[in-house]
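Trainee: Below you'll find the structure I mean.
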Amino acid sequence: MSSHGAASSSAPERGSVGIIGAGPFGRSLAAAAVRAGKTPRVYSRDPNAPKIEDAVLTDDVASMASCELLLLAVPSEYAGALLERLSPALDGSNFIVHVSRGLVDDHLNTMSHLVRRTTPVRRLGALAGPLTARNLSVGHPAGGIVGSAFPEVIEATRAAIGCERLRLYGTPDLVGVELASALTGMLLFALGYARGMGLSPATLGVLGTRGLAEMTRVGTTLGGRAETFSGLAGVGDLMAALAGAPRPEFAAGLAIANGQAPNEALEEAEGHVESDQVALRVARLADRLQVATPIADAVGALLEGSASPTEALDRLMRRRVDRE
Amino acid sequence: MKLPFSKLRQRLSQPARLPQWFRTPTSPDEPRVYGFNGERDAIVSEVVERITTEQGAGSLELLLSETAHAEVMRLEKQKDDEAREGLSFWRGLLRNLGKLDADARRATLAEITARMAGDVAGNFDPRVYWVARRVVPRVIAGVINPPALVREVFGSGRGEIDSMITVEGATAQLHRLSRTGTLIYVPTHSSNLDSLALGDTLAREDLPPVVYGAGKNLFTNPITSFFMHNLGAYRIDRRIRAALYKEVLKVYSTVLLERGYHSLFFPGGTRCRSGMVERKLKLGLAGTGVEAFTRNCLRVQGGASPRRVYFVPVTINYGLVLEAETLIEDHLKETGQARYIIEDDEFSRINRWAAFFNKLRGQSASIVLRFGRPLDPFGNEVDDEGNSLAPGGRVVDPVSYVSRGGVPCLDPRRDAGYTRDLGQVLLQRYRTETVIMSTQLVAHLLFRRLVENTPGLNLFARMRRRGEFFVEHEALVQEIGHARDRLLELEVEGELHVSPFLRSESPDRTLERALSAWSYHRKTLVRPEDGKLWIDEPSLALYYQNRLVDWAEALAVGWPPMTRRAAAEIQRLGGHA
């Protein structure tokens, strides 16, 4: 057993930042960290990934454990294997904050659940809200939200990428932030699809509002707080997309409605889209939870091919109308 | 400033203790708690010192004012001697607070804190522990079975009481860990008998006794008062709302854990009214485990290892629950009207105790205590040597969880985060360490039939359908056989555990066992008549079956759709697990 009178030599340096994933969002996080005065260590599985100015690029995932705060910017479907490789180098002194908009299984478990299951890290958080890779890279005025039960994780994330032009709010409702983020992605997919069908802005307004109510129902059933869904992780993200912020989920929905094959549309969207999986998972679990999820059901039916766009719309419109 | 509590009240609040004649000095090999009384004053002083020194001068006035206001509000409702005398003190403090200088405020805080800590601090008498350990079980056994009184009281065995409780799980590991670290037992909570059952089991397994916080009402219960006053329990007065009092409790608990006193907390906060395995934990004082460990880390020097803190999940599983009728009645009351503290239930009536133990007699293994594998304060499993294990089994240093830049530091907000997460791990553990008893399975099958026969009704409407539905005896026996086999499969999958009798007895005998146990209750749960079993008290069936809500659908696999629908409805009673 180790001595604890002085700082352990192998412990990560306080305030050090690592970014796992060198895709568009990972690179923009690195740019934001550099702007905040940090020298981030960035992991890319590709040893020949393009350099990032003032950042240390590495393909050795275990070396990332030398950073106190790790920003995890990889799609949830690849995160499990990556975390298993990284886990042996981690301990309780690391913080992990992820930016995933996905869910990891059919029980709608979130990325933090996966991190807890595969690593010894317990100080976890999720970064969400209307943050786009472009805003982060260029440094446009922006805001986001960090969900974590640990205030020091929120503070470390602010110190790592926050600046005068990036306001990062905090909430202890980690699972609420994760679910709001994933479910907003699903809703954007539905809105993109509806736009592609030629539905009017007024119809999109109804769909967006009822979609928000639906995701709040699902999220609170799974332990999130209702106010998180009306905050930056939910409404903030939704408004940004409807105001024109580029969102791959919206683009994928639009393309599929315009006749593109779902696989192609999802691949061509600029950014990783997980909302199709989220919709299917929500639709499957909702019945067991006794939560009404008509929009997720409609998206699921469209993606599985069990309903045509007109049928899906009819099903939504024929539902009993009740108090809002 | 003097606190004007009357001598009479002080005398009444004094615990009944044995005189100090013939008291033997403690030896180093004895459990830590044997030396508690020698340390009591030092512990109280440390609590006072910590609270007064860590309280910033700027917020002192606010703290004293808030405490005085909260006490005035409480005592104005109380209207007794304590209220009259206490009120004059607190009102006086409120009047004079503005005139006190910083030193006088600090002295007042120290005085109030000392008073509160002195009231909280318990007492441990090894002689009472000896009596409780060796004599009481025999006397109870003798009382419930008078012909065996002489044999039980003077015999060498512990007889019938021992046969009522079966112990399962990680006791060997606990022996090792109790020597190198501080154990925090965190059991499920169904009955006020829980602390007695756990205390008796620890003694029986030769594990060191624990200190624990107990509601003040238990100190006035005629049956338990003497033992509460002498076996390390500390008093929690739930009527006191002042934040300072909560801080005193928290610091007291932290100091005990730092000093190595093994402790017991019920993280559910109060007895579970519904009969379900806990769905939500408050943890409360159990959260002091993280701070105690951090302070141990800060204290060690020169390569020494800090004393570890381990949480031990325990499920206490009853085939028959002493207070079942009162608890389920309280559960079914409208939300918000349920009583947090019940002082007039079966636990305070000697005749119900006698009836209860009488029923347990001959029903061996009616209580199964199952110890889960211990966890560190961060939710990691620990190995037999007490090392924390990361997922995958690698040893991980627990000090890293309370450190930044390699240096351990105190941070209450961080610790609150760890405690919340630990609560989630414990909920999961309670589920997998639950031991299903015969009564619970039979009640589930009866209740499932009731739900099947009343589609569309809500829970409260179903509770009123007394004596309207039955299950054929033969059909029920067959269902018990199927469900038992399914439970055994779930046990293999690591989902739950099955009690020894349910595992080994025939379905017929399982049904007999359940019917016999339930005859303890004043209300008739089920009435056999002409080869049929009529469900006379659905609320009791609900109470016992609620332990199984998480597995209702799994037990209905292979049954017709109507049964599966009923099972799904029952499973939803538990919410999202």
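Ordering of the structure tokens sets the chain letters (A, B, ...); residue numbers start at 1 within each chain; ligands are numbered from 1 in the order shown.
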For chain A, list the residues within 10 Å of chain B, counting only C-alpha atoms, and write the list as a compact mmCIF listing (two decimals) with N, CA, C and O atoms, in the first residue's frame.
Mentor:
```
# COMPACT_ATOMS: atom_id res chain seq x y z
N MET A 1 0.85 -1.20 0.00
CA MET A 1 0.00 0.00 0.00
C MET A 1 0.88 1.25 0.00
O MET A 1 1.94 1.27 0.62
N SER A 2 0.42 2.27 -0.67
CA SER A 2 1.29 3.42 -0.92
C SER A 2 1.29 4.42 0.24
O SER A 2 0.42 4.41 1.09
N SER A 3 2.28 5.28 0.22
CA SER A 3 2.35 6.35 1.21
C SER A 3 1.49 7.52 0.75
O SER A 3 1.36 7.79 -0.43
N HIS A 4 0.92 8.23 1.71
CA HIS A 4 0.02 9.31 1.30
C HIS A 4 0.35 10.64 1.95
O HIS A 4 -0.43 11.55 1.92
N GLY A 5 1.51 10.72 2.56
CA GLY A 5 1.88 11.97 3.18
C GLY A 5 2.16 13.04 2.15
O GLY A 5 1.86 14.21 2.34
N ALA A 6 2.74 12.68 1.00
CA ALA A 6 3.08 13.64 -0.05
C ALA A 6 2.40 13.20 -1.35
O ALA A 6 1.84 12.12 -1.44
N ALA A 7 2.50 14.07 -2.36
CA ALA A 7 1.87 13.76 -3.64
C ALA A 7 2.52 12.52 -4.25
O ALA A 7 3.73 12.37 -4.25
N SER A 8 1.69 11.62 -4.75
CA SER A 8 2.19 10.43 -5.41
C SER A 8 2.79 10.83 -6.76
O SER A 8 2.20 11.64 -7.48
N SER A 9 3.95 10.25 -7.08
CA SER A 9 4.64 10.68 -8.31
C SER A 9 3.88 10.26 -9.56
O SER A 9 3.97 10.89 -10.60
N SER A 10 3.09 9.17 -9.46
CA SER A 10 2.39 8.70 -10.65
C SER A 10 1.03 9.37 -10.83
O SER A 10 0.35 9.13 -11.81
N ALA A 11 0.62 10.18 -9.88
CA ALA A 11 -0.71 10.79 -9.95
C ALA A 11 -0.75 11.83 -11.06
O ALA A 11 0.24 12.53 -11.30
N PRO A 12 -1.89 11.93 -11.75
CA PRO A 12 -1.98 12.95 -12.81
C PRO A 12 -1.86 14.35 -12.23
O PRO A 12 -2.35 14.61 -11.12
N GLU A 13 -1.25 15.22 -13.01
CA GLU A 13 -1.07 16.59 -12.54
C GLU A 13 -2.42 17.29 -12.49
O GLU A 13 -3.25 17.14 -13.40
N ARG A 14 -2.64 18.05 -11.43
CA ARG A 14 -3.90 18.77 -11.27
C ARG A 14 -4.10 19.74 -12.42
O ARG A 14 -3.20 20.50 -12.77
N GLY A 15 -5.25 19.69 -13.06
CA GLY A 15 -5.56 20.62 -14.14
C GLY A 15 -5.14 20.13 -15.52
O GLY A 15 -5.43 20.81 -16.52
N SER A 16 -4.47 18.97 -15.61
CA SER A 16 -4.05 18.49 -16.93
C SER A 16 -5.26 17.93 -17.69
O SER A 16 -6.19 17.38 -17.10
N GLU A 68 -5.46 14.47 -15.72
CA GLU A 68 -6.49 14.41 -14.67
C GLU A 68 -7.89 14.36 -15.31
O GLU A 68 -8.68 13.48 -15.01
N GLU A 84 -11.98 -0.25 -22.19
CA GLU A 84 -11.37 -1.46 -21.63
C GLU A 84 -9.86 -1.43 -21.80
O GLU A 84 -9.12 -1.92 -20.95
N SER A 87 -8.65 1.35 -19.27
CA SER A 87 -8.97 1.13 -17.86
C SER A 87 -7.77 0.73 -16.99
O SER A 87 -7.60 1.27 -15.89
N PRO A 88 -6.90 -0.21 -17.43
CA PRO A 88 -5.81 -0.62 -16.54
C PRO A 88 -4.88 0.51 -16.12
O PRO A 88 -4.18 0.40 -15.12
N LEU A 90 -5.95 3.62 -15.46
CA LEU A 90 -6.70 4.65 -14.72
C LEU A 90 -6.83 4.30 -13.24
O LEU A 90 -6.70 3.13 -12.86
N ASP A 91 -7.11 5.30 -12.44
CA ASP A 91 -7.50 5.05 -11.05
C ASP A 91 -8.49 6.13 -10.61
O ASP A 91 -9.02 6.87 -11.45
N GLY A 92 -8.70 6.23 -9.32
CA GLY A 92 -9.71 7.14 -8.82
C GLY A 92 -9.38 8.61 -8.98
O GLY A 92 -10.21 9.47 -8.73
N SER A 93 -8.14 8.92 -9.36
CA SER A 93 -7.76 10.34 -9.47
C SER A 93 -8.15 10.95 -10.81
O SER A 93 -8.11 12.16 -10.97
N ASN A 94 -8.50 10.11 -11.79
CA ASN A 94 -8.91 10.64 -13.11
C ASN A 94 -10.37 11.08 -13.09
O ASN A 94 -11.19 10.52 -12.37
N PHE A 95 -10.67 12.08 -13.90
CA PHE A 95 -12.05 12.49 -14.15
C PHE A 95 -12.35 12.15 -15.61
O PHE A 95 -11.49 12.35 -16.46
N ARG A 116 -18.50 3.55 -15.65
CA ARG A 116 -18.46 2.96 -14.30
C ARG A 116 -18.24 1.45 -14.37
O ARG A 116 -17.55 0.88 -13.55
N ARG A 117 -18.86 0.83 -15.35
CA ARG A 117 -18.79 -0.63 -15.45
C ARG A 117 -17.42 -1.10 -15.91
O ARG A 117 -16.98 -2.20 -15.58
N THR A 118 -16.71 -0.27 -16.68
CA THR A 118 -15.45 -0.76 -17.27
C THR A 118 -14.20 -0.14 -16.65
O THR A 118 -13.11 -0.65 -16.89
N THR A 119 -14.34 0.93 -15.89
CA THR A 119 -13.13 1.58 -15.35
C THR A 119 -13.30 1.86 -13.86
O THR A 119 -14.42 1.87 -13.35
N PRO A 120 -12.20 2.15 -13.17
CA PRO A 120 -12.31 2.52 -11.75
C PRO A 120 -12.67 3.99 -11.55
O PRO A 120 -12.78 4.44 -10.42
N VAL A 121 -12.83 4.75 -12.64
CA VAL A 121 -13.11 6.18 -12.52
C VAL A 121 -14.53 6.40 -12.00
O VAL A 121 -15.47 5.76 -12.49
N ARG A 122 -14.69 7.24 -11.01
CA ARG A 122 -16.01 7.53 -10.44
C ARG A 122 -16.39 9.00 -10.58
O ARG A 122 -17.55 9.36 -10.46
N ARG A 123 -15.40 9.86 -10.76
CA ARG A 123 -15.72 11.28 -10.91
C ARG A 123 -16.02 11.52 -12.40
O ARG A 123 -15.13 11.73 -13.21
N LEU A 124 -17.31 11.45 -12.72
CA LEU A 124 -17.76 11.46 -14.11
C LEU A 124 -18.63 12.66 -14.41
O LEU A 124 -19.23 13.25 -13.53
N SER A 148 -22.67 16.68 -13.62
CA SER A 148 -21.83 15.82 -12.80
C SER A 148 -22.24 15.96 -11.35
O SER A 148 -22.56 17.06 -10.89
N ALA A 149 -22.21 14.84 -10.62
CA ALA A 149 -22.49 14.89 -9.18
C ALA A 149 -21.31 15.48 -8.43
O ALA A 149 -21.40 15.72 -7.23
N PHE A 150 -20.20 15.70 -9.14
CA PHE A 150 -18.98 16.17 -8.50
C PHE A 150 -18.66 17.60 -8.96
O PHE A 150 -18.24 17.81 -10.11
N PRO A 151 -18.84 18.58 -8.09
CA PRO A 151 -18.58 19.97 -8.49
C PRO A 151 -17.16 20.16 -9.02
O PRO A 151 -16.94 20.97 -9.93
N GLU A 152 -16.20 19.40 -8.52
CA GLU A 152 -14.82 19.58 -8.99
C GLU A 152 -14.68 19.15 -10.47
O GLU A 152 -13.82 19.68 -11.18
N VAL A 153 -15.52 18.25 -10.92
CA VAL A 153 -15.48 17.83 -12.33
C VAL A 153 -16.01 18.98 -13.21
O VAL A 153 -15.45 19.28 -14.27
N PRO A 172 -25.93 18.96 -11.10
CA PRO A 172 -25.57 17.63 -10.58
C PRO A 172 -26.31 16.51 -11.29
O PRO A 172 -26.04 15.33 -11.07
N THR A 221 -38.62 9.37 -15.92
CA THR A 221 -38.86 7.97 -15.50
C THR A 221 -37.54 7.27 -15.24
O THR A 221 -37.44 6.41 -14.36
N LEU A 222 -36.51 7.65 -15.98
CA LEU A 222 -35.22 6.99 -15.83
C LEU A 222 -34.31 7.72 -14.83
O LEU A 222 -33.12 7.42 -14.72
N GLY A 223 -34.85 8.68 -14.11
CA GLY A 223 -34.07 9.28 -13.01
C GLY A 223 -33.57 10.69 -13.27
O GLY A 223 -32.93 11.28 -12.40
N ARG A 288 -42.58 -1.26 -21.59
CA ARG A 288 -42.33 -1.84 -20.27
C ARG A 288 -42.40 -0.78 -19.16
O ARG A 288 -42.85 -1.05 -18.06
N LEU A 289 -41.95 0.43 -19.50
CA LEU A 289 -41.95 1.49 -18.50
C LEU A 289 -43.32 2.16 -18.38
O LEU A 289 -43.52 3.00 -17.52
N GLN A 290 -44.23 1.79 -19.26
CA GLN A 290 -45.57 2.40 -19.31
C GLN A 290 -45.47 3.90 -19.51
O GLN A 290 -46.12 4.69 -18.81
```
Trainee: Could you go through region 121-253 of chain A and tell me which residues DSSP, when run on the backbone, assigns to helix (DSSP H, G or I), listing them as JSON, numbers by chain?
Mentor: {"A": [133, 134, 135, 136, 137, 138, 151, 152, 153, 154, 155, 156, 157, 158, 159, 160, 161, 174, 175, 176, 177, 178, 179, 180, 181, 182, 183, 184, 185, 186, 187, 188, 189, 190, 191, 192, 193, 194, 195, 196, 201, 202, 203, 204, 205, 206, 207, 208, 209, 210, 211, 212, 213, 214, 215, 216, 217, 218, 219, 220, 221, 226, 227, 228, 229, 232, 233, 234, 235, 236, 237, 238, 239, 240, 241, 242, 248, 249, 250, 251, 252, 253]}
Trainee: Excluding Arg429 (chain B) and any residue of its chain fewer than 4 positions from it, enumerate the residues within 8 Å of it, using only C-alpha atoms, and give them as a list in words.
Mentor: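 Counting only C-alpha atoms, the residues come to Pro313, Gly372, Val425 and Glu433 of chain B.
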Trainee: I need the chosen residues saved as a PDB file, in the first residue's frame, with N, CA, C and O atoms.
Mentor:
```pdb
ATOM      1  N   PRO B 313     -22.976  -4.514   2.590  1.00  0.00           N
ATOM      2  CA  PRO B 313     -24.422  -4.626   2.354  1.00  0.00           C
ATOM      3  C   PRO B 313     -24.964  -5.897   2.991  1.00  0.00           C
ATOM      4  O   PRO B 313     -24.322  -6.951   2.903  1.00  0.00           O
ATOM      5  N   GLY B 372     -23.440  -9.398   2.053  1.00  0.00           N
ATOM      6  CA  GLY B 372     -22.860  -9.285   0.715  1.00  0.00           C
ATOM      7  C   GLY B 372     -21.371  -9.008   0.818  1.00  0.00           C
ATOM      8  O   GLY B 372     -20.857  -8.693   1.894  1.00  0.00           O
ATOM      9  N   VAL B 425     -25.049   1.666  -6.047  1.00  0.00           N
ATOM     10  CA  VAL B 425     -24.419   0.337  -6.001  1.00  0.00           C
ATOM     11  C   VAL B 425     -25.110  -0.519  -4.938  1.00  0.00           C
ATOM     12  O   VAL B 425     -25.384  -1.706  -5.149  1.00  0.00           O
ATOM     13  N   GLU B 433     -28.645  -9.711  -3.421  1.00  0.00           N
ATOM     14  CA  GLU B 433     -28.426 -10.427  -2.154  1.00  0.00           C
ATOM     15  C   GLU B 433     -29.746 -10.756  -1.459  1.00  0.00           C
ATOM     16  O   GLU B 433     -29.747 -11.282  -0.351  1.00  0.00           O
TER      17      GLU B 433
END
```
Trainee: I'd like the contact shell of region 25-27 of chain A - 6 Å cut-off, only C-alpha atoms, skipping same-chain residues fewer than 4 positions apart - returned as a list in words.
Mentor: Gly21, Ala73 and Ala133 of chain A
Trainee: Excluding Leu71 (chain A) and its own-chain neighbours fewer than 6 positions away, which residues fall within 10 Å of it when counting only C-alpha atoms? Please give them as a list of chain:residue names.
Mentor: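 Once the nearby chain positions are removed, what remains is A:Val17, A:Gly18, A:Ile19, A:Ile20, A:Gly21, A:Gly26, A:Leu29, A:Ala30, A:Val42, A:Phe95, A:Ile96, A:Val97, A:His98, A:Val99, A:Gly125, A:Ala126, A:Leu127, A:Thr157, A:Ala160.
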Trainee: Could you pull the residues within 12 Å of Arg319 (chain A), counting only C-alpha atoms, minus those fewer than 2 positions along the same chain, as a list in words?
Mentor: Ala292, Thr293, Pro294, Ile295, Ala312, Leu313, Asp314, Arg315, Leu316, Met317, Val321 and Asp322 of chain A
Trainee: Residues as selected, N, CA, C and O atoms, written as a compact mmCIF listing (two decimals), in the first residue's frame, can you do that?
Mentor:
```txt
# COMPACT_ATOMS: atom_id res chain seq x y z
N ALA A 292 -45.75 6.85 -22.52
CA ALA A 292 -46.19 7.05 -23.91
C ALA A 292 -45.08 7.73 -24.69
O ALA A 292 -44.61 8.80 -24.30
N THR A 293 -44.64 7.09 -25.80
CA THR A 293 -43.57 7.66 -26.62
C THR A 293 -43.98 7.61 -28.09
O THR A 293 -43.33 6.93 -28.90
N PRO A 294 -45.04 8.32 -28.47
CA PRO A 294 -45.54 8.19 -29.86
C PRO A 294 -44.50 8.62 -30.89
O PRO A 294 -44.44 8.01 -31.97
N ILE A 295 -43.69 9.61 -30.60
CA ILE A 295 -42.73 10.08 -31.62
C ILE A 295 -41.60 9.06 -31.79
O ILE A 295 -41.22 8.73 -32.92
N ALA A 312 -47.08 6.78 -40.54
CA ALA A 312 -46.49 7.24 -39.27
C ALA A 312 -47.12 8.56 -38.85
O ALA A 312 -47.47 8.76 -37.67
N LEU A 313 -47.31 9.44 -39.83
CA LEU A 313 -47.92 10.75 -39.53
C LEU A 313 -49.37 10.57 -39.09
O LEU A 313 -49.82 11.18 -38.11
N ASP A 314 -50.09 9.69 -39.79
CA ASP A 314 -51.50 9.45 -39.44
C ASP A 314 -51.61 8.93 -38.01
O ASP A 314 -52.48 9.34 -37.25
N ARG A 315 -50.71 8.03 -37.65
CA ARG A 315 -50.76 7.47 -36.30
C ARG A 315 -50.58 8.57 -35.25
O ARG A 315 -51.26 8.59 -34.23
N LEU A 316 -49.67 9.48 -35.54
CA LEU A 316 -49.43 10.57 -34.58
C LEU A 316 -50.65 11.48 -34.49
O LEU A 316 -51.05 11.90 -33.41
N MET A 317 -51.26 11.77 -35.64
CA MET A 317 -52.37 12.72 -35.65
C MET A 317 -53.66 12.12 -35.09
O MET A 317 -54.51 12.85 -34.60
N VAL A 321 -56.49 13.36 -28.08
CA VAL A 321 -55.96 14.65 -27.63
C VAL A 321 -56.37 14.86 -26.18
O VAL A 321 -57.52 14.68 -25.82
N ASP A 322 -55.39 15.22 -25.37
CA ASP A 322 -55.65 15.38 -23.93
C ASP A 322 -55.12 16.73 -23.49
O ASP A 322 -54.66 17.53 -24.30
```
